[in-house]
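Engineer: Okay, here's the structure, questions in a sec.
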Number of protein chains: 2
Amino acid sequence: MAEIFDIINNRTSYRGAYKDTKIPREHLVQIMEAGLAAPSGCNKQTTSLICVDDPIVLDKLKGMIDPPICETAPAIICVLTQKIFAYRDKCFNVQDYSAAIQNMLLAIKALGYESCWYEGHITDDDDIGGQLAKVLGVPDDYKMVCILPVGIADGQLTHAKKKSFEERAWFNKFGN
Amino acid sequence: MAEIFDIINNRTSYRGAYKDTKIPREHLVQIMEAGLAAPSGCNKQTTSLICVDDPIVLDKLKGMIDPPICETAPAIICVLTQKIFAYRDKCFNVQDYSAAIQNMLLAIKALGYESCWYEGHITDDDDIGGQLAKVLGVPDDYKMVCILPVGIADGQLTHAKKKSFEERAWFNKFGN
């Protein structure tokens, strides 16, 4: 298995097609366990997950996503969040699920698969996430905020162009 | 170096004392690079970092944190965020910095150090983060949202008790 820094630095957002290769359940469990191992504000564990790998359920979900994404993914992990207060009126559920997603993206890459963090696509005003959640029987106090495809890439990986280290990171004071 | 799943599953929030051992700059750079390698919504790269390892600056910052945290940490990474819109009125900066923090927590662990995600402590109503940001010359359009100590633990690690997998993760529908 690749070294953790290689995984962190080579992970990329893959939006292409996937090979028609089923993902072993043990890998999907390992990926979800990685997600649940992320820290959460005051340990409130506001993040839950549903992995869809049943072809019938997958097709149903994919048919509801317009414009389509994840069309060829053999598995999709749906990320759910609950607005549980950590203390007073403070809620860290966005931080919680983001850390869980990042762990899963790394776990997916480590096992030889690709993925992409699809959030805005399903949380926009047309509330695709809410419709998907209904199909999966998700109670009203959970919100589906992200879907992660899991599969072997059947296309080229591309890396987003990023600013240099010197433009975003410094020592002991802001700027160089 | 430990395997990525060991790092993900053994990482814990460490709030104890640190050994008085300076952290090599190359390690700090590697940790910050890991943070900046995280994805960001529409690649807006809303996260920036300041690592403080100068003892004089460190002491100044530590003296401003009440109640005290990170008192013995030989280095502290300060996480800054900018509210840059990804599209329309949508901003994913919380997701962005959370993914960056999670990458850094894993990188810190991978290099043999410990850390803790301190966010609520510095973003609460007394705005400690804002005061720290002033000392570091951070412009007003950046907000300091988190500090991460980096150091070798001089105490016992503890693991937060978590719900079981079956209570938080399922296949193909919500619940078992």
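How things are named: the first chain in the structure tokens is A, the next is B, and so on; residues count from 1 in each chain; ligands count from 1 in the order shown.
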Select residues of chain A: the criterion is any atom within 8 Å of an atom of chain B, counting only C-alpha atoms; output as a PyMOL selection string.
Structural biologist: chain A and resi 1+3-5+8-9+12-13+32-34+36-39+43+45+47-54+57+94-96+98-99+101-103+107+110+136-138+160+162-163+165+168-174
Engineer: Can you list, as a PyMOL selection string, every residue of stretch 113-149 of chain B that DSSP puts in helix (DSSP H, G or I)?
Structural biologist: chain B and resi 120-123+128-135
Engineer: Would you output that residue set with N, CA and C atoms, as a compact mmCIF listing (two decimals), in the first residue's frame?
Structural biologist:
```
# COMPACT_ATOMS: atom_id res chain seq x y z
N GLY B 120 -13.52 25.46 18.86
CA GLY B 120 -14.48 26.19 19.70
C GLY B 120 -13.77 27.08 20.71
N HIS B 121 -12.64 26.60 21.21
CA HIS B 121 -11.89 27.34 22.24
C HIS B 121 -11.46 28.73 21.74
N ILE B 122 -11.16 28.85 20.45
CA ILE B 122 -10.65 30.15 19.95
C ILE B 122 -11.68 30.91 19.10
N THR B 123 -12.83 30.28 18.82
CA THR B 123 -13.85 30.98 18.00
C THR B 123 -15.07 31.34 18.83
N ILE B 128 -10.74 34.64 20.94
CA ILE B 128 -9.29 34.50 21.13
C ILE B 128 -8.58 34.42 19.78
N GLY B 129 -9.20 33.72 18.84
CA GLY B 129 -8.59 33.58 17.51
C GLY B 129 -8.34 34.93 16.84
N GLY B 130 -9.29 35.84 17.01
CA GLY B 130 -9.13 37.17 16.43
C GLY B 130 -7.95 37.92 17.03
N GLN B 131 -7.75 37.72 18.33
CA GLN B 131 -6.62 38.37 19.01
C GLN B 131 -5.29 37.77 18.56
N LEU B 132 -5.26 36.44 18.44
CA LEU B 132 -4.03 35.77 17.97
C LEU B 132 -3.72 36.23 16.54
N ALA B 133 -4.76 36.35 15.74
CA ALA B 133 -4.58 36.75 14.33
C ALA B 133 -3.94 38.13 14.24
N LYS B 134 -4.36 39.03 15.13
CA LYS B 134 -3.79 40.40 15.13
C LYS B 134 -2.29 40.36 15.37
N VAL B 135 -1.88 39.57 16.37
CA VAL B 135 -0.45 39.45 16.70
C VAL B 135 0.35 38.94 15.50
```
Engineer: Would you give me, as number ranges by chain, the residues in stretch 70-170 of chain B that DSSP reads as strand (DSSP E)?
Structural biologist: B: 75-81, 143-150, 169-170
